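Here's the structure, in structure tokens; my notes come after.
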Amino acid sequence: AMVSSLVSGGLSGVLSSSMLQPFDVVRTQMQKGVEGCAHLTTKKAFKFVVKEGGVRALWRGLTPTIARVGFGTAMYFSLLNVISQALTKAESHSGALALSYSSLTSSRAFAAGFLARAVASVSLLPLTVVKTRFEAGENRHGGVLRSMVRIAQRESVAGLWKGLVPTLLRDAPFSGLYLASFTRLKRLFASTQAIAPVPHQVQRFGAGVCAGAFASLLTNPFDVVRTRMQVEGGAGGGSIKVAMGIVDKEGWKALWLRGLMPRVYKKSLAAAVSWTVYEEGVKAITSMLETRSEMS
């Protein structure tokens, strides 16, 4: 079960992040507060990035993204599996082990998603900082490791952990809200007469898109603060100071609307793709391992 969670989780993360990286680059440009671009729309932000660096610039920061999301998603799903087992007291030999979160109540699903993502986010925060700098058009030369060293030299090791609080406030609630909504919507779709005939893969993808959009809307202010802190290094101060600075200069709307649409597009589609690939991958790998075990 752990092997299937790691492999399927890593694959799902790499696939979704590679496909949807342009939305992350555009979101970062909108959130970092480009001089003279206070009212940058999603369409204008796409044009801004392409004009600045060509179409390839839309995949800026892909290497740290793949590293962060690949490892992070694998870690997240593995931890989610362990936490869900503890909450449901699932038997260790169960064939549905890696999907044990499906039977959680909404409150327990929120707790499981929250805890699993909190650990994964803290563990991989240095990669998140590098990823954000790359997407913002900074520290792109020399690769991921050299960028980490450069940040540590210029800003001390603490620079690699910039934005820890808003990152946790963004990622952990997002995953908790997502998992609670996703599992509830899956059950709702399956029990709704008009939707029941639709293939379960399509139902699951639809549930993932809806849950991702909902969670993104509620957690976007923390993403705006995180982006500013990680792009500016130590110049902007702490989380509250950065948030109040945004409000003073750009108004309350900036906290909610900066980069909202590309984030909703990216997070909802990425979540739907990741969970679809993950669940199908778990089933395929589990079946393959069981077949191999029977043959031996």
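How things are named: the first chain in the structure tokens is A, the next is B, and so on; residues count from 1 in each chain; ligands count from 1 in the order shown.
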DSSP on the backbone: what in segment 44-169 of chain A comes out helix (DSSP H, G or I), as a ChimeraX atom specification? /A:44-53,55-59,62-88,97-103,106-123,125-135,143-155,157-161,164-169
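With distances restricted to only C-alpha atoms, A:Phe205 is the closest residue to Ala270 of chain A from A:Phe214, A:Phe71, A:Phe110, A:Phe205.
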For Arg258 of chain A, list every protein, DNA or RNA residue within 8 Å, evaluated using only C-alpha atoms, and leave out those in the same chain fewer than 2 positions away; present the list as a PyMOL selection string. chain A and resi 27+30-31+224+253-256+260
Compile a residue-level contact table for segment 185-233 of chain A against segment 170-174 of chain A at a cut-off of 10 Å, reporting for every qualifying residue the shortest atom pair and its distance in Å to one decimal, with only C-alpha atoms counted, rows ordered by chain and ascending number, as a Markdown table.
```
| residue | atom | partner | partner_atom | distance |
| --- | --- | --- | --- | --- |
| A:Ala211 | CA | A:Phe174 | CA | 9.6 |
| A:Gly212 | CA | A:Phe174 | CA | 8.2 |
| A:Phe214 | CA | A:Phe174 | CA | 9.0 |
| A:Ala215 | CA | A:Phe174 | CA | 5.2 |
| A:Ser216 | CA | A:Phe174 | CA | 6.7 |
| A:Leu217 | CA | A:Phe174 | CA | 9.4 |
| A:Leu218 | CA | A:Phe174 | CA | 7.9 |
| A:Thr219 | CA | A:Arg170 | CA | 5.4 |
| A:Asn220 | CA | A:Arg170 | CA | 7.2 |
| A:Pro221 | CA | A:Arg170 | CA | 8.1 |
| A:Phe222 | CA | A:Arg170 | CA | 5.2 |
| A:Asp223 | CA | A:Arg170 | CA | 6.0 |
| A:Val224 | CA | A:Arg170 | CA | 9.5 |
| A:Val225 | CA | A:Arg170 | CA | 9.6 |
| A:Arg226 | CA | A:Arg170 | CA | 8.4 |
```
Provide the atom CA of Phe23 of chain A to atom CA of Arg117 of chain A distance in Å, to one decimal place. 21.2 Å
Selection: 12 Å around Ala190 of chain A, only C-alpha atoms, excl. self and same-chain fewer than 3 positions, as an MDAnalysis selection string: chainID A and resid 183:187 193:204 206:207
Write the residues you've just listed into a file as a short mmCIF file (atom, residue, chain, number, x, y, z; two decimals), in the first residue's frame, and include all heavy atoms for each of them.
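Dumped everything to out_9.cif:
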```cif
data_model
loop_
_atom_site.label_atom_id
_atom_site.label_comp_id
_atom_site.auth_asym_id
_atom_site.auth_seq_id
_atom_site.Cartn_x
_atom_site.Cartn_y
_atom_site.Cartn_z
N THR A 183 -14.53 13.99 -0.91
CA THR A 183 -15.14 12.73 -0.50
C THR A 183 -16.66 12.86 -0.40
O THR A 183 -17.41 11.95 -0.77
CB THR A 183 -14.58 12.25 0.86
OG1 THR A 183 -14.70 13.32 1.82
CG2 THR A 183 -13.11 11.87 0.72
N ARG A 184 -17.13 14.01 0.08
CA ARG A 184 -18.58 14.24 0.21
C ARG A 184 -19.24 14.32 -1.17
O ARG A 184 -20.31 13.75 -1.40
CB ARG A 184 -18.84 15.51 1.01
CG ARG A 184 -20.31 15.69 1.39
CD ARG A 184 -20.48 16.90 2.29
NE ARG A 184 -21.85 17.04 2.74
CZ ARG A 184 -22.37 16.42 3.78
NH1 ARG A 184 -21.63 15.58 4.49
NH2 ARG A 184 -23.63 16.62 4.13
N LEU A 185 -18.59 15.06 -2.10
CA LEU A 185 -19.14 15.20 -3.44
C LEU A 185 -19.15 13.87 -4.19
O LEU A 185 -20.09 13.58 -4.94
CB LEU A 185 -18.34 16.24 -4.23
CG LEU A 185 -18.60 17.70 -3.89
CD1 LEU A 185 -17.59 18.60 -4.58
CD2 LEU A 185 -20.02 18.10 -4.29
N LYS A 186 -18.11 13.06 -4.00
CA LYS A 186 -18.09 11.74 -4.65
C LYS A 186 -19.28 10.90 -4.22
O LYS A 186 -19.93 10.25 -5.03
CB LYS A 186 -16.78 11.00 -4.33
CG LYS A 186 -15.59 11.44 -5.15
CD LYS A 186 -14.54 10.35 -5.27
CE LYS A 186 -14.09 9.82 -3.93
NZ LYS A 186 -13.07 8.75 -4.09
N ARG A 187 -19.55 10.90 -2.92
CA ARG A 187 -20.69 10.13 -2.40
C ARG A 187 -22.01 10.72 -2.90
O ARG A 187 -22.94 10.00 -3.24
CB ARG A 187 -20.66 10.09 -0.87
CG ARG A 187 -19.53 9.23 -0.30
CD ARG A 187 -19.73 8.96 1.18
NE ARG A 187 -19.51 10.15 2.00
CZ ARG A 187 -18.33 10.43 2.57
NH1 ARG A 187 -17.29 9.63 2.41
NH2 ARG A 187 -18.21 11.52 3.32
N GLN A 193 -29.51 10.25 -8.67
CA GLN A 193 -30.03 9.41 -9.75
C GLN A 193 -29.62 9.91 -11.13
O GLN A 193 -29.29 9.13 -12.02
CB GLN A 193 -31.56 9.34 -9.65
CG GLN A 193 -32.19 8.30 -10.57
CD GLN A 193 -33.68 8.13 -10.33
OE1 GLN A 193 -34.26 8.85 -9.52
NE2 GLN A 193 -34.28 7.19 -11.02
N ALA A 194 -29.65 11.23 -11.32
CA ALA A 194 -29.33 11.79 -12.63
C ALA A 194 -27.85 11.66 -12.98
O ALA A 194 -27.49 11.61 -14.16
CB ALA A 194 -29.74 13.26 -12.68
N ILE A 195 -26.98 11.59 -11.95
CA ILE A 195 -25.53 11.54 -12.19
C ILE A 195 -24.98 10.13 -12.11
O ILE A 195 -23.95 9.81 -12.72
CB ILE A 195 -24.80 12.45 -11.16
CG1 ILE A 195 -25.33 13.88 -11.26
CG2 ILE A 195 -23.29 12.44 -11.38
CD1 ILE A 195 -24.74 14.82 -10.23
N ALA A 196 -25.66 9.24 -11.38
CA ALA A 196 -25.17 7.89 -11.13
C ALA A 196 -24.73 7.13 -12.39
O ALA A 196 -23.73 6.41 -12.36
CB ALA A 196 -26.22 7.09 -10.36
N PRO A 197 -25.47 7.26 -13.53
CA PRO A 197 -25.06 6.51 -14.73
C PRO A 197 -23.74 6.98 -15.35
O PRO A 197 -23.13 6.27 -16.15
CB PRO A 197 -26.22 6.74 -15.71
CG PRO A 197 -27.38 7.16 -14.86
CD PRO A 197 -26.77 7.93 -13.73
N VAL A 198 -23.30 8.20 -14.99
CA VAL A 198 -22.05 8.75 -15.54
C VAL A 198 -20.87 7.91 -15.02
O VAL A 198 -20.86 7.53 -13.85
CB VAL A 198 -21.87 10.22 -15.11
CG1 VAL A 198 -20.54 10.77 -15.59
CG2 VAL A 198 -23.03 11.06 -15.64
N PRO A 199 -19.90 7.57 -15.88
CA PRO A 199 -18.73 6.77 -15.43
C PRO A 199 -18.11 7.36 -14.17
O PRO A 199 -17.99 8.59 -14.04
CB PRO A 199 -17.78 6.85 -16.62
CG PRO A 199 -18.67 7.04 -17.80
CD PRO A 199 -19.81 7.89 -17.31
N HIS A 200 -17.71 6.50 -13.23
CA HIS A 200 -17.20 6.99 -11.95
C HIS A 200 -15.94 7.83 -12.11
O HIS A 200 -15.66 8.71 -11.29
CB HIS A 200 -16.97 5.83 -10.98
CG HIS A 200 -15.82 4.95 -11.32
ND1 HIS A 200 -15.92 3.89 -12.21
CD2 HIS A 200 -14.53 4.97 -10.90
CE1 HIS A 200 -14.74 3.31 -12.30
NE2 HIS A 200 -13.88 3.93 -11.53
N GLN A 201 -15.14 7.57 -13.17
CA GLN A 201 -13.95 8.39 -13.39
C GLN A 201 -14.34 9.85 -13.69
O GLN A 201 -13.68 10.78 -13.23
CB GLN A 201 -13.12 7.85 -14.57
CG GLN A 201 -12.46 6.52 -14.30
CD GLN A 201 -13.32 5.34 -14.73
OE1 GLN A 201 -14.53 5.49 -14.93
NE2 GLN A 201 -12.70 4.18 -14.88
N VAL A 202 -15.42 10.03 -14.45
CA VAL A 202 -15.90 11.38 -14.78
C VAL A 202 -16.48 12.04 -13.53
O VAL A 202 -16.26 13.23 -13.28
CB VAL A 202 -16.95 11.33 -15.90
CG1 VAL A 202 -17.50 12.73 -16.18
CG2 VAL A 202 -16.37 10.72 -17.16
N GLN A 203 -17.24 11.27 -12.74
CA GLN A 203 -17.78 11.79 -11.48
C GLN A 203 -16.66 12.26 -10.57
O GLN A 203 -16.73 13.35 -9.97
CB GLN A 203 -18.58 10.70 -10.76
CG GLN A 203 -19.88 10.30 -11.43
CD GLN A 203 -20.64 9.29 -10.60
OE1 GLN A 203 -20.58 9.29 -9.38
NE2 GLN A 203 -21.37 8.40 -11.26
N ARG A 204 -15.61 11.44 -10.46
CA ARG A 204 -14.48 11.77 -9.59
C ARG A 204 -13.76 13.02 -10.07
O ARG A 204 -13.40 13.89 -9.27
CB ARG A 204 -13.52 10.59 -9.53
CG ARG A 204 -12.30 10.84 -8.64
CD ARG A 204 -11.49 9.57 -8.49
NE ARG A 204 -11.15 9.02 -9.79
CZ ARG A 204 -11.05 7.72 -10.06
NH1 ARG A 204 -11.27 6.83 -9.11
NH2 ARG A 204 -10.73 7.30 -11.26
N GLY A 206 -15.04 15.48 -11.86
CA GLY A 206 -15.93 16.61 -11.59
C GLY A 206 -15.91 17.01 -10.12
O GLY A 206 -15.89 18.20 -9.79
N ALA A 207 -15.92 16.01 -9.25
CA ALA A 207 -15.85 16.29 -7.81
C ALA A 207 -14.53 16.97 -7.46
O ALA A 207 -14.49 17.89 -6.63
CB ALA A 207 -15.99 14.98 -7.02
#
```
